[in-house]
Amino acid sequence: MLAQFGFGVFVLTFLTALFSVGAAVVGYFDKSDRWVESARRAMLLTFPLITLAVLTLAYLLVTGHYELQYVYSVTSNDMPFYLKITALWGGQAGSLVLWSWLMSAFTSAVTLRKWERDRELLPWVIVVTSITLAFFLSLSIFYENPFARWWQTLGGNFVASMFAPIGAVLATPPDGQGLNPLLRHPGMILHPPILYLGFVAFIIPFAFAIAALVTGRSDDRWIRITRRWTLVAWLFLSLGLVLGMRWAYDVLGWGGYWSWDPVEIAALMPWLTGTAFLHSVMIQEKRGMFKQWNMLLIILTYALVIFGTFLTRSGVLSSVHAFAQSAIGPMFFAFIGITFVTSVALLIYRWKDLHAEVEMNSLFSREALFLLNNLLFMGVLIVCFWGVVFPLISEVVTGQKVTVGPPFYQRANAPLFGALMALMGIAPLSAWGRSTFKTLGRALWKPSIPSAIVPIVLIILGVHNWIALVGFTLVAFVIFVTLFEFWRGARSRQKRQNENILVALWRLAGHNRRRYGGYLIHLSMVVMAIGILGIEVYQTTTQKTLAVGEDIQIAGYTIRYDSLAQFPYTDGRIVTRAVVSVFRDGKFLGELHPRYDYYPSGQPVTIAGVRSTLADDLYVVLINWENISAAQAPFKVYHNPLVNWLWIGSLMFIFGFLVAAWPDRGEEKREGKI
Amino acid sequence: MLKSLQTVIQGRAKFIVGGLLILAAVIYLIVSATQANAEYFMTVNEIKSKGSSLVGRSLRISGAVIGDTIQYDPQTMNLTFEIAHVPGDNASIEASGGLAAVLHAAVTDPTRARLTIVYNGPKPDLLSDEAQAIITGHLGEDGIFHADELLLKCPTKYQEAVPSQVVNGN
């Protein structure tokens with residue numbers, strides 16, 4: 001009964017979304033506020049409706065209604081309550097429902113704002129968001145229905161379907177298959193919804209951009225309205241990526257966090273265009289330039305968000321390099337194609353209205369450096385895109401299947417990332433408009449001096465890898481420039497206002513949140529770069545089978561195998577857990593407990609024993625091997641220098657974001673009520 | 001008027017040159033990295049027919065694992081096994097009844113071309129009979145494939161499985 005109810009609510013929501021599209025279009029062309037208002041209310045209604053369907057599904061998951069195919073595939077009797085809840089997005093059908101739900105939450109929130117002088121944008125914001133929502137709902141209704149049930153046909157076969165096939169009886173398995181054990185991890189519990197929040201929130205600036213194009217408003221109103229949405233989208237997308245890395249590091253047991261897998265790249269690509277967008281809109285706000293470019297960036301970001309969802313959700317990649325295995329593949333292609341072509345056509349139609357208000361005339365001005373930043377992000381995007389599509393192109397053109405692995409991405413992207421870091425150091429010191437090489441040089445020399453000392457010190461300390469030398473020097477350069485900027489600002493304020501230096505610093509950042517929040521985010525990025533450089537350049541690994549009492553050496557550490565135990569855990573998995581002792585220079589540092597868990601489904605999960613410090617991580621993996629015995633066990637050990645700074649940087653990133661995005665009354669007053 | 005136009009063009013020129021330089025740099029990076037790191041997909045049949053001309057090239061092959069041939073020495077972590085040929089293109093896999101059926105047919109057919117794989121490292125969890133192995137590495141002079149990386153997939157194991165027993169309801 002509940003399954004039909006949930007499905008019915010879904011269909012109703014779908015129709016409501018379609019209605020709001022129609023009502024908004026009618027309202028716009030008839031200049032009828034009543035129709036627009038009706039569209040807005042329909043849009044608002046979708047959120048409680050989907051919430052109802054989600055609650056229904058959650059209830060079915062928690063109470064173990066295994067007659068539902070989805071419930072059967074992601075939950076089982078032995079799973080704890082919280083995992084049954086997270087199973088909501090543990091599978092294909094459920095994660096699409098989550099997508100729609102988050103999407104309707106955001107679009108409802110945005111339609112609740114006071115529209116007043118932006119009234120003309122409203123119908124088109126509704127049209128864009130409702131079409132997107134309706135598309136995702138239609139996937140859930142027609143292709144990946146979370147409410148489909150098992151039926152046993154007359155022939156004895158099991159079929160999953162929403163409605164009873166002729167002569168079939170409902171089949172209820174006594175237990176489900178359970179959530180994939182790899183997904184039973186805090187990082188994986190948070191990773192999908194957070195990444196989706198990032199994806200979904202980017203639809204809001206896109207919707208306003210399209211509304212601005214349709215209505216012909218060529219000012220930067222759409223950017224100012226959606227600035228915080230863009231920031232929120234960017235925050236969640238960034239955090240989603242970091243959580244995914246952390247999950248990979250903790251659960252996959254291969255000693256790394258990023259493997260340039262197409263799924264990872266799918267999530268990275270909208271981040272790249274989104275980050276470029278975040279930077280270039282500032283130029284439009286300050287100088288009235290890059291209007292066409294910003295439109296293009298947000299259109300691209302939206303297309304990449306949908307493309308990313310498609311890559312991760314269509315099953316395209318889980319079956320090796322086979323396109324369109326799942327029925328939703330062609331649907332996604334059609335949707336991306338139609339929305340992209342329509343958006344670009346609109347942009348071309350308005351192209352002339354979006355000309356720059358001033359000409360760019362100096363190569364060393366801040367706007368030129370922002371342009372460079374954008375080009376570099378586009379460069380990384382092209383590299384990533386090429387890596388994903390090159391196999392397809394090659395196969396079509398030469399008939400030969402070729403692929404490129406992580407070394408391709410590393411080699412092609414490293415110089416671009418290096419250049420981006422250098423820009424993070426240079427751009428804050430440049431001036432708007434007419435900045436020359438001379439004025440820029442004058443601002444640069446002070447922080448350059450301590451940065452120049454860094455490679456010398458590093459060489460003396462024994463760092464000879466040139467990638468590490470360049471990388472760490474750039475890191476130092478950005479840190480010095482940023483601190484110098486903070487100091488310079490606080491210092492001048494201290495003199496002017498006669499304040500204590502700390503008070504001055506606080507008020508300085510408080511009155512220019514966007515700028516100084518941005519600087520903090522730059523700092524967090526280079527702190528993350530420290531971790532990335534450390535593990536990419538200096539990771540070492542060794543492997544050996546150890547008898548009890550034997551040890552293995554790596555990077556000055558000695559790891560001794562002490563004992564092994566095997567025991568069942570309450571949720572049915574069999575845990576195999578080794579105890580190893582870690583020594584350095586004969587000094588005992590502690591025990592680690594690498595283990596692997598065998599779940600009833602037969603899937604093993606390897607959990608490394610990690611000793612994590614600011615200097616390095618010791619990452620010990622107990623290798624899963626059926627003939628393992630207490631007497632001897634195989635181990636693989638990774639030494640990951642500095643990797644902790646990657647996670648520290650991500651925490652700093654959140655802090656910087658809060659500074660940048662915190663509501664600023666002064667700014668709102670200056671810009672007029674938002 | 002003419003003069004201002006000239007300055008505009010001059011002003012633009014340096015940006016166009018700069019933009020082209022960056023574009024050239026990106027293209028160079030992509031081309032050189034692609035050339036250095038391209039891995040060629042091969043089926044077992046293709047490797048057998050091309051033979052020694054492939055020695056030294058970076059290859060990626062896909063095949064069905066033959067369970068009986070798996071040998072693993074946990075002391076030295078030397079792993080060897082054989083894979084049987086499976087077709088490379090998806091259409092023919094679909095036409096033959098899906099990946100699981102193709103893998104099963106490949107393993108049970110003694111006339112299929114087989115390739116020996118050597119790998120040093122931990123035995124992957126999913127290495128078992130009828131699993132699909134995707135292996136990156138290179139072909140040795142001896143016709144044995146030296147793997148750098150193993151990726152295994154069991155297509156039928158978790159998703160889309162049909163319940164084996166049910167409590168009948170209505």
# chains A, B, ... in the order shown; residues from 1 in each chain; ligands from 1

call {"tool": "select_by_dssp", "arguments": {"residues": "chain B", "states": "alpha helix (DSSP H)", "output": "ChimeraX atom specification"}}
result
/B:2-37,44-50,90-95,99-108

call {"tool": "select_by_dssp", "arguments": {"residues": "stretch 434-658 of chain A", "states": "strand (DSSP E)", "output": "VMD selection string"}}
result
chain A and resid 540 to 547 551 to 554 557 to 568 574 to 584 587 to 592 595 to 598 604 to 607 609 to 612 616 to 622 632 to 641

call {"tool": "residues_around", "arguments": {"residues": "A:Asp118", "least_positions_apart": "5", "cutoff": "12 Å", "atoms": "only C-alpha atoms", "output": "PyMOL selection string"}}
result
chain A and resi 111+113+123-125+208+211-212+215+217+219-222+224-225+673-674

call {"tool": "write_last_selection", "arguments": {"atoms": "N, CA and C atoms", "output": "CSV table (one decimal), in the first residue's frame"}}
result
chain,number,residue,atom,x,y,z
A,111,THR,N,12.5,30.5,-4.4
A,111,THR,CA,11.3,31.2,-4.8
A,111,THR,C,10.6,31.9,-3.6
A,113,ARG,N,12.1,34.0,-1.7
A,113,ARG,CA,12.7,35.3,-1.4
A,113,ARG,C,11.8,36.4,-1.9
A,123,PRO,N,9.4,34.2,-13.5
A,123,PRO,CA,8.9,33.1,-14.3
A,123,PRO,C,10.0,32.2,-14.9
A,124,TRP,N,11.1,32.8,-15.3
A,124,TRP,CA,12.1,32.0,-16.0
A,124,TRP,C,12.9,31.2,-15.1
A,125,VAL,N,13.1,31.7,-13.9
A,125,VAL,CA,13.8,30.9,-12.8
A,125,VAL,C,12.9,29.7,-12.6
A,208,PHE,N,19.0,31.7,-12.9
A,208,PHE,CA,18.9,33.2,-13.0
A,208,PHE,C,19.6,33.7,-14.2
A,211,ALA,N,17.2,33.2,-17.0
A,211,ALA,CA,16.2,34.2,-16.8
A,211,ALA,C,16.7,35.6,-17.3
A,212,ALA,N,17.9,35.9,-17.0
A,212,ALA,CA,18.4,37.2,-17.4
A,212,ALA,C,18.6,37.2,-19.0
A,215,THR,N,14.9,37.5,-20.5
A,215,THR,CA,14.3,38.8,-20.3
A,215,THR,C,15.1,40.0,-20.8
A,217,ARG,N,17.9,41.2,-19.5
A,217,ARG,CA,18.5,42.1,-18.5
A,217,ARG,C,20.0,41.8,-18.6
A,219,ASP,N,22.4,43.5,-17.1
A,219,ASP,CA,23.2,44.0,-15.9
A,219,ASP,C,23.6,42.8,-15.1
A,220,ASP,N,24.3,43.1,-14.0
A,220,ASP,CA,24.8,41.9,-13.2
A,220,ASP,C,23.9,41.6,-12.1
A,221,ARG,N,22.6,41.9,-12.2
A,221,ARG,CA,21.7,41.6,-11.1
A,221,ARG,C,21.7,40.1,-10.8
A,222,TRP,N,21.6,39.3,-11.9
A,222,TRP,CA,21.5,37.9,-11.7
A,222,TRP,C,22.7,37.3,-10.9
A,224,ARG,N,24.5,39.2,-8.7
A,224,ARG,CA,24.4,39.6,-7.3
A,224,ARG,C,23.4,38.8,-6.5
A,225,ILE,N,22.3,38.5,-7.1
A,225,ILE,CA,21.3,37.7,-6.4
A,225,ILE,C,21.8,36.3,-6.0
A,673,LYS,N,19.1,46.3,-1.1
A,673,LYS,CA,18.6,45.0,-0.5
A,673,LYS,C,18.6,43.9,-1.4
A,674,ILE,N,19.2,42.8,-0.9
A,674,ILE,CA,19.2,41.6,-1.8
A,674,ILE,C,18.1,40.6,-1.3

call {"tool": "closest_atom_pairs", "arguments": {"of": "stretch 372-454 of chain A", "to": "stretch 49-59 of chain B", "cutoff": "12 Å", "atoms": "only C-alpha atoms", "output": "JSON lines"}}
result
{"residue": "A:Gln400", "atom": "CA", "partner": "B:Leu59", "partner_atom": "CA", "distance": 11.7}
{"residue": "A:Lys401", "atom": "CA", "partner": "B:Leu59", "partner_atom": "CA", "distance": 10.2}
{"residue": "A:Val402", "atom": "CA", "partner": "B:Leu59", "partner_atom": "CA", "distance": 8.6}
{"residue": "A:Thr403", "atom": "CA", "partner": "B:Leu59", "partner_atom": "CA", "distance": 9.2}
{"residue": "A:Val404", "atom": "CA", "partner": "B:Ser58", "partner_atom": "CA", "distance": 10.0}
{"residue": "A:Gly405", "atom": "CA", "partner": "B:Ser58", "partner_atom": "CA", "distance": 10.6}

call {"tool": "closest_residue", "arguments": {"among": "B:Lys123, B:Lys48, B:His85, B:Arg114", "to": "B:Ile70", "atoms": "only C-alpha atoms"}}
result
B:Lys123

call {"tool": "residues_around", "arguments": {"residues": "A:Trp247", "least_positions_apart": "5", "cutoff": "10 Å", "atoms": "only C-alpha atoms", "output": "PyMOL selection string"}}
result
chain A and resi 182-183+185-191+241-242+252-253+257

call {"tool": "residues_around", "arguments": {"residues": "B:Ala113", "least_positions_apart": "4", "cutoff": "7 Å", "atoms": "only C-alpha atoms", "output": "list in words"}}
result
Val44, Asn45, Ala84 and His85 of chain B

call {"tool": "residues_around", "arguments": {"residues": "A:Thr312", "least_positions_apart": "6", "cutoff": "12 Å", "atoms": "only C-alpha atoms", "output": "PyMOL selection string"}}
result
chain A and resi 91-92+95-96+192+195-196+261-267+304-306+318-319+326+328-329+332

call {"tool": "atom_distance", "arguments": {"atom1": "atom CA of A:Gly240", "atom2": "atom CA of A:Leu520"}}
result
19.5 Å

call {"tool": "residues_around", "arguments": {"residues": "stretch 486-488 of chain A", "least_positions_apart": "3", "cutoff": "10 Å", "atoms": "only C-alpha atoms", "output": "list in words"}}
result
Phe480, Val481, Thr482, Leu483, Arg491, Ser492, Arg493, Gln494, Ile501, Ala504, Leu505, Leu508, Ala509, Tyr516, Tyr519 and Leu520 of chain A

call {"tool": "atom_distance", "arguments": {"atom1": "atom CA of A:Val527", "atom2": "atom CA of A:Val610"}}
result
21.0 Å

call {"tool": "atom_distance", "arguments": {"atom1": "atom CA of B:Leu23", "atom2": "atom CA of A:Ile393"}}
result
20.5 Å
